Structure formats: C-alpha cells, structure tokens
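One file, work-v6.txt, carrying compact mmCIF, C-alpha atoms and all ligand atoms:
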```
# COMPACT_ATOMS: atom_id res chain seq x y z
CA MET A 320 13.31 2.42 -17.58
CA GLU A 321 13.05 5.76 -15.70
CA GLN A 322 13.08 7.72 -18.98
CA GLU A 323 10.49 5.41 -20.53
CA ARG A 324 8.34 5.69 -17.38
CA GLN A 325 8.34 9.46 -17.63
CA GLU A 326 7.61 9.52 -21.33
CA ARG A 327 4.57 7.30 -20.91
CA GLN A 328 3.61 8.96 -17.62
CA ILE A 329 3.58 5.77 -15.68
CA PRO A 330 2.62 6.64 -12.10
CA ARG A 331 5.70 6.43 -9.92
CA HIS A 332 3.74 5.22 -6.90
CA VAL A 333 0.52 3.20 -6.97
CA ALA A 334 -1.39 2.47 -3.76
CA ILE A 335 -4.16 -0.12 -3.58
CA ILE A 336 -7.07 -0.69 -1.21
CA MET A 337 -7.63 -4.39 -1.85
CA ASP A 338 -11.33 -4.74 -1.13
CA GLY A 339 -13.82 -7.51 -1.81
CA ASN A 340 -12.06 -10.70 -0.72
CA GLY A 341 -15.04 -11.65 1.46
CA ARG A 342 -17.65 -10.95 -1.23
CA TRP A 343 -15.60 -12.84 -3.81
CA ALA A 344 -15.54 -15.91 -1.55
CA LYS A 345 -19.21 -15.66 -0.58
CA LYS A 346 -20.26 -15.54 -4.22
CA ARG A 347 -18.51 -18.87 -4.71
CA GLY A 348 -19.86 -20.46 -1.53
CA LEU A 349 -16.35 -20.43 -0.01
CA PRO A 350 -15.24 -19.28 3.45
CA ARG A 351 -14.07 -15.65 3.58
CA THR A 352 -10.55 -16.80 4.38
CA MET A 353 -10.33 -18.42 0.93
CA GLY A 354 -10.93 -14.98 -0.52
CA HIS A 355 -7.99 -13.62 1.46
CA ALA A 356 -5.80 -16.53 0.36
CA GLN A 357 -6.62 -15.86 -3.30
CA GLY A 358 -6.08 -12.14 -2.59
CA ALA A 359 -2.58 -12.89 -1.31
CA ARG A 360 -1.75 -14.73 -4.57
CA VAL A 361 -2.98 -11.72 -6.55
CA VAL A 362 -0.71 -9.44 -4.49
CA GLU A 363 2.33 -11.44 -5.62
CA GLN A 364 1.27 -11.33 -9.27
CA ILE A 365 0.45 -7.60 -9.24
CA LEU A 366 3.81 -6.82 -7.65
CA GLU A 367 5.50 -8.48 -10.63
CA ASP A 368 3.17 -6.75 -13.11
CA ALA A 369 3.78 -3.37 -11.49
CA LYS A 370 7.53 -3.84 -11.77
CA ASP A 371 7.17 -4.91 -15.37
CA MET A 372 5.09 -1.81 -16.17
CA GLY A 373 7.71 0.52 -14.70
CA ILE A 374 5.87 1.40 -11.48
CA ARG A 375 8.56 2.18 -8.91
CA TYR A 376 6.54 1.97 -5.69
CA LEU A 377 3.55 -0.18 -4.82
CA THR A 378 1.68 0.08 -1.51
CA VAL A 379 -1.08 -2.32 -0.49
CA TYR A 380 -3.53 -2.08 2.41
CA ALA A 381 -3.42 -5.54 3.99
CA PHE A 382 -4.82 -4.95 7.47
CA SER A 383 -6.30 -1.79 8.96
CA THR A 384 -6.38 -0.61 12.58
CA GLU A 385 -10.13 -1.35 12.39
CA ASN A 386 -9.77 -4.93 11.09
CA TRP A 387 -9.09 -6.27 14.63
CA SER A 388 -12.85 -6.10 15.19
CA ARG A 389 -13.44 -8.95 12.71
CA PRO A 390 -14.09 -12.48 14.03
CA ALA A 391 -10.99 -13.87 15.75
CA ALA A 392 -10.69 -16.72 13.24
CA GLU A 393 -10.57 -14.29 10.30
CA VAL A 394 -7.98 -12.08 12.03
CA LYS A 395 -5.89 -15.18 12.70
CA ALA A 396 -6.17 -16.34 9.08
CA LEU A 397 -5.09 -12.91 7.80
CA MET A 398 -2.15 -12.78 10.21
CA ASN A 399 -1.13 -16.29 9.13
CA LEU A 400 -1.19 -15.24 5.48
CA LEU A 401 1.03 -12.28 6.31
CA ARG A 402 3.30 -14.55 8.38
CA THR A 403 3.69 -16.91 5.43
CA TYR A 404 4.31 -14.00 3.08
CA MET A 405 7.10 -12.58 5.29
CA LYS A 406 8.73 -16.01 5.51
CA THR A 407 8.56 -17.00 1.86
CA SER A 408 9.09 -13.75 0.01
CA LEU A 409 12.72 -13.08 0.92
CA ALA A 410 14.14 -15.26 -1.84
CA LYS A 411 11.77 -13.68 -4.40
CA CYS A 412 12.61 -10.15 -3.24
CA ALA A 413 16.32 -10.86 -3.52
CA LYS A 414 15.82 -12.19 -7.06
CA ASN A 415 13.54 -9.32 -8.13
CA ASN A 416 15.42 -6.55 -6.29
CA VAL A 417 12.32 -5.59 -4.25
CA CYS A 418 12.69 -3.45 -1.12
CA ILE A 419 9.99 -4.17 1.48
CA ARG A 420 8.68 -1.82 4.12
CA VAL A 421 5.77 -2.50 6.44
CA ILE A 422 3.83 0.62 7.37
CA GLY A 423 1.49 0.77 10.36
CA ASP A 424 1.88 0.20 14.08
CA LYS A 425 3.93 -2.99 14.14
CA SER A 426 4.21 -2.97 17.95
CA LYS A 427 0.73 -4.52 18.25
CA LEU A 428 1.57 -7.54 16.06
CA ASP A 429 2.66 -10.92 17.45
CA GLU A 430 6.34 -10.95 18.26
CA ASP A 431 7.26 -13.65 15.76
CA LEU A 432 5.58 -11.66 12.98
CA GLN A 433 7.39 -8.50 14.08
CA ALA A 434 10.66 -10.42 13.96
CA SER A 435 10.03 -11.76 10.41
CA ILE A 436 9.06 -8.27 9.25
CA ALA A 437 12.22 -6.78 10.77
CA GLU A 438 14.34 -9.45 9.06
CA LEU A 439 12.67 -8.98 5.69
CA GLU A 440 12.99 -5.19 5.90
CA LYS A 441 16.65 -5.45 6.88
CA GLU A 442 17.55 -8.01 4.22
CA THR A 443 15.85 -6.06 1.41
CA ALA A 444 16.78 -2.53 2.56
CA ASP A 445 19.54 -2.13 -0.05
CA ASN A 446 17.45 -3.41 -2.97
CA ASP A 447 16.93 -0.49 -5.33
CA GLY A 448 14.21 -1.98 -7.54
CA THR A 449 10.50 -1.83 -6.71
CA GLY A 450 9.65 -0.37 -3.31
CA PHE A 451 6.87 -2.53 -1.90
CA GLN A 452 5.02 -1.17 1.12
CA ILE A 453 2.59 -3.40 2.99
CA ALA A 454 0.21 -1.63 5.38
CA ILE A 455 -0.46 -3.80 8.45
CA ASN A 456 -2.32 -2.52 11.51
CA TYR A 457 -2.32 0.71 9.55
CA GLY A 458 -4.63 3.69 9.88
CA GLY A 459 -3.89 7.12 8.42
CA ARG A 460 -5.04 8.92 11.56
CA ASP A 461 -3.09 6.55 13.80
CA GLU A 462 0.02 7.18 11.67
CA LEU A 463 -0.45 10.94 12.08
CA VAL A 464 -0.90 10.57 15.85
CA ARG A 465 2.32 8.57 16.09
CA ALA A 466 4.11 11.17 13.94
CA ALA A 467 2.79 14.01 16.15
CA ARG A 468 4.13 12.18 19.20
CA ARG A 469 7.56 11.84 17.59
CA LEU A 470 7.67 15.53 16.73
CA ALA A 471 6.39 16.54 20.19
CA ALA A 472 9.06 14.36 21.82
CA ALA A 473 11.76 16.07 19.73
CA ALA A 474 10.34 19.47 20.73
CA ALA A 475 10.29 18.47 24.40
CA GLU A 476 13.92 17.31 24.14
CA GLY A 477 14.82 20.65 22.62
CA THR A 478 16.00 19.21 19.27
CA LEU A 479 13.08 20.72 17.30
CA ARG A 480 11.50 24.17 17.61
CA PRO A 481 7.69 24.14 17.12
CA GLY A 482 8.07 26.84 14.46
CA GLU A 483 10.31 24.51 12.46
CA ILE A 484 7.55 21.95 11.99
CA SER A 485 6.71 21.92 8.30
CA GLU A 486 4.85 19.75 5.80
CA GLN A 487 8.19 18.12 5.06
CA SER A 488 8.95 17.37 8.72
CA ILE A 489 5.50 15.81 9.14
CA SER A 490 6.04 13.69 5.98
CA ASP A 491 9.43 12.66 7.37
CA ALA A 492 7.84 11.55 10.66
CA LEU A 493 5.32 9.26 8.91
CA ASP A 494 5.85 5.54 8.31
CA THR A 495 6.26 6.35 4.60
CA ALA A 496 9.23 8.71 5.19
CA GLY A 497 11.38 8.93 2.08
CA ILE A 498 8.77 7.32 -0.18
CA PRO A 499 7.12 9.67 -2.71
CA ASP A 500 3.39 10.30 -2.28
CA PRO A 501 1.13 7.99 -4.29
CA ASP A 502 0.24 9.28 -7.77
CA LEU A 503 -2.60 6.82 -8.22
CA LEU A 504 -4.78 5.13 -5.62
CA ILE A 505 -6.92 2.18 -6.70
CA ARG A 506 -9.81 0.77 -4.69
CA THR A 507 -11.42 -2.46 -5.79
CA CYS A 508 -14.94 -3.82 -5.38
CA GLY A 509 -17.10 -0.76 -5.73
CA GLU A 510 -16.81 1.18 -2.48
CA LEU A 511 -16.17 4.91 -3.06
CA ARG A 512 -14.17 5.92 0.02
CA ILE A 513 -10.58 5.92 1.21
CA SER A 514 -11.15 4.32 4.62
CA ASN A 515 -8.34 6.06 6.52
CA PHE A 516 -5.67 4.98 4.00
CA MET A 517 -2.68 7.32 3.43
CA ILE A 518 -4.78 10.38 4.20
CA TRP A 519 -1.80 12.76 4.45
CA GLN A 520 0.08 11.29 1.51
CA SER A 521 -2.90 11.24 -0.88
CA ALA A 522 -3.65 14.98 -0.80
CA TYR A 523 -3.04 15.21 -4.58
CA THR A 524 -3.44 11.57 -5.52
CA GLU A 525 -5.67 10.54 -8.42
CA TYR A 526 -8.30 7.96 -7.44
CA TYR A 527 -9.46 5.03 -9.51
CA PHE A 528 -12.38 2.86 -8.45
CA THR A 529 -13.33 -0.44 -9.99
CA GLU A 530 -16.14 -2.93 -9.41
CA THR A 531 -13.71 -5.83 -9.72
CA ALA A 532 -13.13 -7.68 -6.43
CA TRP A 533 -9.48 -7.91 -5.40
CA PRO A 534 -9.13 -11.69 -5.99
CA ASP A 535 -10.17 -11.08 -9.63
CA PHE A 536 -7.82 -8.13 -10.13
CA THR A 537 -5.42 -8.60 -13.05
CA ARG A 538 -2.68 -6.82 -14.94
CA ALA A 539 -5.26 -5.76 -17.54
CA GLU A 540 -7.19 -3.97 -14.78
CA LEU A 541 -4.01 -2.33 -13.49
CA GLU A 542 -3.29 -1.16 -17.03
CA ARG A 543 -6.81 0.30 -17.30
CA ALA A 544 -6.23 2.22 -14.06
CA VAL A 545 -2.92 3.55 -15.38
CA GLU A 546 -4.57 4.56 -18.67
CA ALA A 547 -7.28 6.42 -16.75
CA TYR A 548 -4.52 8.14 -14.75
CA GLN A 549 -2.75 9.13 -17.96
CA ARG A 550 -5.92 10.85 -19.20
CA ARG A 551 -6.17 12.98 -16.06
CA GLU A 552 -4.77 16.46 -15.85
CA ARG A 553 -2.85 16.96 -12.63
CA ARG A 554 -2.85 20.62 -11.64
CA TYR A 555 -1.95 20.56 -7.92
CA GLY A 556 -4.24 23.52 -7.37
CA GLY A 557 -2.62 25.55 -10.16
CA LEU A 558 -3.52 26.12 -13.80
CA VAL A 559 -2.53 24.08 -16.82
CA GLN A 560 0.39 25.78 -18.60
C1 LIG B 1 -10.64 -6.53 2.12
O1 LIG B 1 -11.60 -7.49 1.77
C2 LIG B 1 -9.35 -7.16 2.29
C3 LIG B 1 -8.70 -7.27 3.49
C4 LIG B 1 -9.23 -6.76 4.75
C5 LIG B 1 -7.39 -7.98 3.58
C6 LIG B 1 -6.42 -7.84 2.45
C7 LIG B 1 -5.42 -8.91 2.56
C8 LIG B 1 -4.93 -9.69 1.57
C9 LIG B 1 -5.26 -9.48 0.16
C10 LIG B 1 -4.06 -10.86 1.84
C11 LIG B 1 -2.71 -10.65 2.46
C12 LIG B 1 -1.81 -9.66 1.84
C13 LIG B 1 -0.49 -9.82 1.56
C14 LIG B 1 0.36 -8.62 1.38
C15 LIG B 1 0.17 -11.13 1.42
P1 LIG B 1 -12.84 -7.72 2.72
O2 LIG B 1 -12.56 -8.88 3.59
O3 LIG B 1 -13.17 -6.46 3.45
O4 LIG B 1 -13.94 -8.07 1.66
P2 LIG B 1 -15.49 -7.72 1.75
O5 LIG B 1 -15.61 -6.23 1.83
O6 LIG B 1 -16.02 -8.28 0.48
O7 LIG B 1 -16.02 -8.41 2.96
```
So that I can check it, write out the structure of this file as structure tokens.
Amino acid sequence: MEQERQERQIPRHVAIIMDGNGRWAKKRGLPRTMGHAQGARVVEQILEDAKDMGIRYLTVYAFSTENWSRPAAEVKALMNLLRTYMKTSLAKCAKNNVCIRVIGDKSKLDEDLQASIAELEKETADNDGTGFQIAINYGGRDELVRAARRLAAAAAEGTLRPGEISEQSISDALDTAGIPDPDLLIRTCGELRISNFMIWQSAYTEYYFTETAWPDFTRAELERAVEAYQRRERRYGGLVQ
C-alpha cells in the first residue's frame, strides 16, 4: 500500500475543515444540529474512504476554541455527538486498525468526555493503520501557546537551553507531535480561509476549497481534491529539479 501510495502521490496526511453543516440544514428547513448529525455520519464514511484510498493520516476540525460562543444548545448538541462518537467508535477502530488522537485543549471538556477520549486514545494507541486526529477545543494559536509554555517550563527546569529550541522541538511540543504535517488541507462550503487550523503544521500544505457543504461531502469529492493535489507542483521554496 505504501509503495502504491507513493507511486500515485496520494497525500500522506489530509486535514479537513468541515464547514457548512448549519447552511446545509437551513437550506432544508432543519435545525442546525441536524446538519451536525449528518456531518458526523459523513466523518465516519470519509474515514473509511480515506483508508481505502491509501491516505495514512486524516485530521478533522470538529470544534474550535471559538465555537464555545455559539448558542448553548448547539454547543451541547456538538459535545453530545462527540460523546457518542467516542463511545461507539472503539469497536470500529479495533476492526479497522485506526489510531485515534484528539488534538486541542482537552482540559476544558466535560470530565466524562475527557475520560472517554483518554480510553479511546489508549485502546487504539497501538493500531498502526489510519491515524485519525479529531480537533476538539482546538485553535492553532492556542496550541502554540501551550507548546511555548511546555518549552519554557523545560527551560526553567534546566532541561532545555533556549538556544536548543528548534523547528523540530516546537513541532514535538504541539498536540500533533509525531504526526507528519498535512500535505493537503480541504475546506468545504466556500469560505477561503484557514480559521486558526494547524497554522504551524500547514506551512507548506496545499489547500483545496470546495463549495460543497460538509454533510454533502463524498468520496468522489475527496478524490477530486486528491487529483487537484496531484496536479500541483510542491517546491517547498526551492526550484523544480
Ligand atoms: C462547521 O459548520 C462545523 C462545525 C463547527 C462542527 C463540525 C462537527 C461535526 C461534523 C460533527 C462531529 C464530528 C465528529 C468527529 C464525530 P457550521 O456549523 O459552521 O456551518 P455554517 O457555517 O453553515 O453555519
């Protein structure tokens, strides 16, 4: 699979900003929470499709540090969807060899949700198939602040000299430590911005924007994004050989 992935230049890591659940629901005269519920079903399908296509890592933006400002009922509905996901996905992850990691500041989540996340992460830690990262209470700047605090604490303890801080040590202090940077970042539903998502990790990431709302996102759309990625020339600031 790895050889085939390289030959066809399948992105190793795909990150997705799943936007448009609310607009999708509104268009159908449904409550916004129905859009999120359909969005959660699409997440499960796309995880399978990604695995099938040879994508090794998939990261999805489920809840940002800014999403707390939404109406309490919507926040509660989103948290309940995540709660259900953490509780029901263990069996599927075991079967599909998926390794789950939640990125973001988990300390602000309800304790029962933190406990289910910890259990799911622990139980799937040795799975060496698809790496599935779910961003919850995640903000790229917040992640960098927490990383800076970790590095400063190590410096204060005397275990790290300031001059030793490098791009690698910053990467290693982020929630995504050990996970390769995303090759392709997809944002659905028309907005052309990255909204504080993986700002350090996406320095050389290729972006793909689509008008499709997340609840309508399909494997065919994922394949179109990958094809667009395959047509790009990645130079990392250098020249093409
Ligand atoms: C953006 O749509 C989407 C979100 C803020 C939440 C994403 C969450 C899910 C898809 C469900 C849970 C995920 C998992 C991993 C089970 P929006 O509400 O901002 O839509 P709008 O811009 O049209 O209002």
(request) Collect all residues with atoms no farther than 9 Å from ligand LIG 1 (chain B), counting all atoms listed in the file, and output them as a ChimeraX atom specification. (result) /A:336-345,351-352,354-363,379-383,386,393,397-405,452-455,507-508,510,532-534
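Here atom CA of A:Glu440 is placed at a distance of 23.2 Å from atom CA of A:Val464.
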(request) Fewer than 5 positions away in the same chain doesn't count, so skip those; otherwise give me all residues within 12 Å of stretch 539-542 of chain A, counting only C-alpha atoms, as a VMD selection string. (result) chain A and resid 329 to 330 333 to 335 361 to 362 364 to 374 377 503 to 507 527 to 534 547 to 549
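Here atom CA of A:Glu486 and atom CA of A:Asp445 stand 27.0 Å from one another.
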(request) For A:Glu462, list every protein, DNA or RNA residue within 12 Å, evaluated using all atoms listed in the file, and leave out those in the same chain fewer than 3 positions away; present the list as an NGL selection string. (result) :A and (383-384 or 422-425 or 454-459 or 465-469 or 489-496 or 515-520)
Centre, x/y/z edge lengths, axis-aligned box for stretch 452-470 of chain A with 4 Å per side, as JSON:
```
{"center_x": 1.3, "center_y": 5.9, "center_z": 10.2, "size_x": 20.7, "size_y": 27.3, "size_z": 26.1}
```
Could stretch 528-560 of chain A be completed with N, CA and C atoms and returned as an mmCIF file, in the frame of the given file?
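As a result, result.cif now contains:
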```
data_model
loop_
_atom_site.group_PDB
_atom_site.id
_atom_site.type_symbol
_atom_site.label_atom_id
_atom_site.label_comp_id
_atom_site.auth_asym_id
_atom_site.auth_seq_id
_atom_site.Cartn_x
_atom_site.Cartn_y
_atom_site.Cartn_z
ATOM 1 N N PHE A 528 -11.531 3.861 -9.094
ATOM 2 C CA PHE A 528 -12.380 2.860 -8.450
ATOM 3 C C PHE A 528 -12.848 1.849 -9.482
ATOM 4 N N THR A 529 -12.837 0.592 -9.087
ATOM 5 C CA THR A 529 -13.330 -0.440 -9.990
ATOM 6 C C THR A 529 -14.264 -1.382 -9.243
ATOM 7 N N GLU A 530 -15.193 -1.958 -9.992
ATOM 8 C CA GLU A 530 -16.140 -2.930 -9.410
ATOM 9 C C GLU A 530 -15.477 -4.284 -9.163
ATOM 10 N N THR A 531 -14.375 -4.522 -9.832
ATOM 11 C CA THR A 531 -13.710 -5.830 -9.720
ATOM 12 C C THR A 531 -13.279 -6.105 -8.273
ATOM 13 N N ALA A 532 -13.581 -7.310 -7.785
ATOM 14 C CA ALA A 532 -13.130 -7.680 -6.430
ATOM 15 C C ALA A 532 -11.631 -7.997 -6.481
ATOM 16 N N TRP A 533 -10.934 -7.760 -5.367
ATOM 17 C CA TRP A 533 -9.480 -7.910 -5.400
ATOM 18 C C TRP A 533 -9.016 -9.291 -5.907
ATOM 19 N N PRO A 534 -9.638 -10.390 -5.504
ATOM 20 C CA PRO A 534 -9.130 -11.690 -5.990
ATOM 21 C C PRO A 534 -9.235 -11.855 -7.500
ATOM 22 N N ASP A 535 -10.045 -11.025 -8.164
ATOM 23 C CA ASP A 535 -10.170 -11.080 -9.630
ATOM 24 C C ASP A 535 -9.319 -10.021 -10.325
ATOM 25 N N PHE A 536 -8.583 -9.240 -9.557
ATOM 26 C CA PHE A 536 -7.820 -8.130 -10.130
ATOM 27 C C PHE A 536 -6.658 -8.691 -10.968
ATOM 28 N N THR A 537 -6.456 -8.088 -12.141
ATOM 29 C CA THR A 537 -5.420 -8.600 -13.050
ATOM 30 C C THR A 537 -4.557 -7.447 -13.573
ATOM 31 N N ARG A 538 -3.535 -7.824 -14.295
ATOM 32 C CA ARG A 538 -2.680 -6.820 -14.940
ATOM 33 C C ARG A 538 -3.486 -5.927 -15.887
ATOM 34 N N ALA A 539 -4.452 -6.539 -16.590
ATOM 35 C CA ALA A 539 -5.260 -5.760 -17.540
ATOM 36 C C ALA A 539 -6.000 -4.647 -16.789
ATOM 37 N N GLU A 540 -6.481 -4.978 -15.576
ATOM 38 C CA GLU A 540 -7.190 -3.970 -14.780
ATOM 39 C C GLU A 540 -6.218 -2.877 -14.297
ATOM 40 N N LEU A 541 -5.030 -3.301 -13.919
ATOM 41 C CA LEU A 541 -4.010 -2.330 -13.490
ATOM 42 C C LEU A 541 -3.673 -1.400 -14.668
ATOM 43 N N GLU A 542 -3.585 -1.974 -15.847
ATOM 44 C CA GLU A 542 -3.290 -1.160 -17.030
ATOM 45 C C GLU A 542 -4.422 -0.173 -17.316
ATOM 46 N N ARG A 543 -5.667 -0.616 -17.109
ATOM 47 C CA ARG A 543 -6.810 0.300 -17.300
ATOM 48 C C ARG A 543 -6.732 1.459 -16.317
ATOM 49 N N ALA A 544 -6.347 1.156 -15.078
ATOM 50 C CA ALA A 544 -6.230 2.220 -14.060
ATOM 51 C C ALA A 544 -5.138 3.214 -14.459
ATOM 52 N N VAL A 545 -4.028 2.680 -14.968
ATOM 53 C CA VAL A 545 -2.920 3.550 -15.380
ATOM 54 C C VAL A 545 -3.345 4.400 -16.586
ATOM 55 N N GLU A 546 -4.097 3.784 -17.515
ATOM 56 C CA GLU A 546 -4.570 4.560 -18.670
ATOM 57 C C GLU A 546 -5.510 5.677 -18.233
ATOM 58 N N ALA A 547 -6.372 5.386 -17.264
ATOM 59 C CA ALA A 547 -7.280 6.420 -16.750
ATOM 60 C C ALA A 547 -6.461 7.543 -16.111
ATOM 61 N N TYR A 548 -5.424 7.163 -15.386
ATOM 62 C CA TYR A 548 -4.520 8.140 -14.750
ATOM 63 C C TYR A 548 -3.862 9.022 -15.814
ATOM 64 N N GLN A 549 -3.452 8.380 -16.911
ATOM 65 C CA GLN A 549 -2.750 9.130 -17.960
ATOM 66 C C GLN A 549 -3.665 10.147 -18.647
ATOM 67 N N ARG A 550 -4.973 9.901 -18.588
ATOM 68 C CA ARG A 550 -5.920 10.850 -19.200
ATOM 69 C C ARG A 550 -6.241 12.016 -18.270
ATOM 70 N N ARG A 551 -5.846 11.898 -17.007
ATOM 71 C CA ARG A 551 -6.170 12.980 -16.060
ATOM 72 C C ARG A 551 -5.170 14.119 -16.225
ATOM 73 N N GLU A 552 -5.620 15.275 -15.803
ATOM 74 C CA GLU A 552 -4.770 16.460 -15.850
ATOM 75 C C GLU A 552 -4.429 16.816 -14.412
ATOM 76 N N ARG A 553 -3.183 16.685 -14.035
ATOM 77 C CA ARG A 553 -2.850 16.960 -12.630
ATOM 78 C C ARG A 553 -2.407 18.416 -12.508
ATOM 79 N N ARG A 554 -3.134 19.182 -11.716
ATOM 80 C CA ARG A 554 -2.850 20.620 -11.640
ATOM 81 C C ARG A 554 -2.319 21.053 -10.284
ATOM 82 N N TYR A 555 -2.423 20.212 -9.264
ATOM 83 C CA TYR A 555 -1.950 20.560 -7.920
ATOM 84 C C TYR A 555 -2.443 21.929 -7.468
ATOM 85 N N GLY A 556 -3.677 22.255 -7.795
ATOM 86 C CA GLY A 556 -4.240 23.520 -7.370
ATOM 87 C C GLY A 556 -3.889 24.694 -8.272
ATOM 88 N N GLY A 557 -3.014 24.469 -9.260
ATOM 89 C CA GLY A 557 -2.620 25.550 -10.160
ATOM 90 C C GLY A 557 -3.412 25.499 -11.461
ATOM 91 N N LEU A 558 -2.875 26.120 -12.493
ATOM 92 C CA LEU A 558 -3.520 26.120 -13.800
ATOM 93 C C LEU A 558 -2.687 25.318 -14.770
ATOM 94 N N VAL A 559 -3.310 24.799 -15.802
ATOM 95 C CA VAL A 559 -2.530 24.080 -16.820
ATOM 96 C C VAL A 559 -1.756 25.108 -17.622
ATOM 97 N N GLN A 560 -0.461 24.823 -17.867
ATOM 98 C CA GLN A 560 0.390 25.780 -18.600
ATOM 99 C C GLN A 560 -0.044 25.883 -20.060
#
```
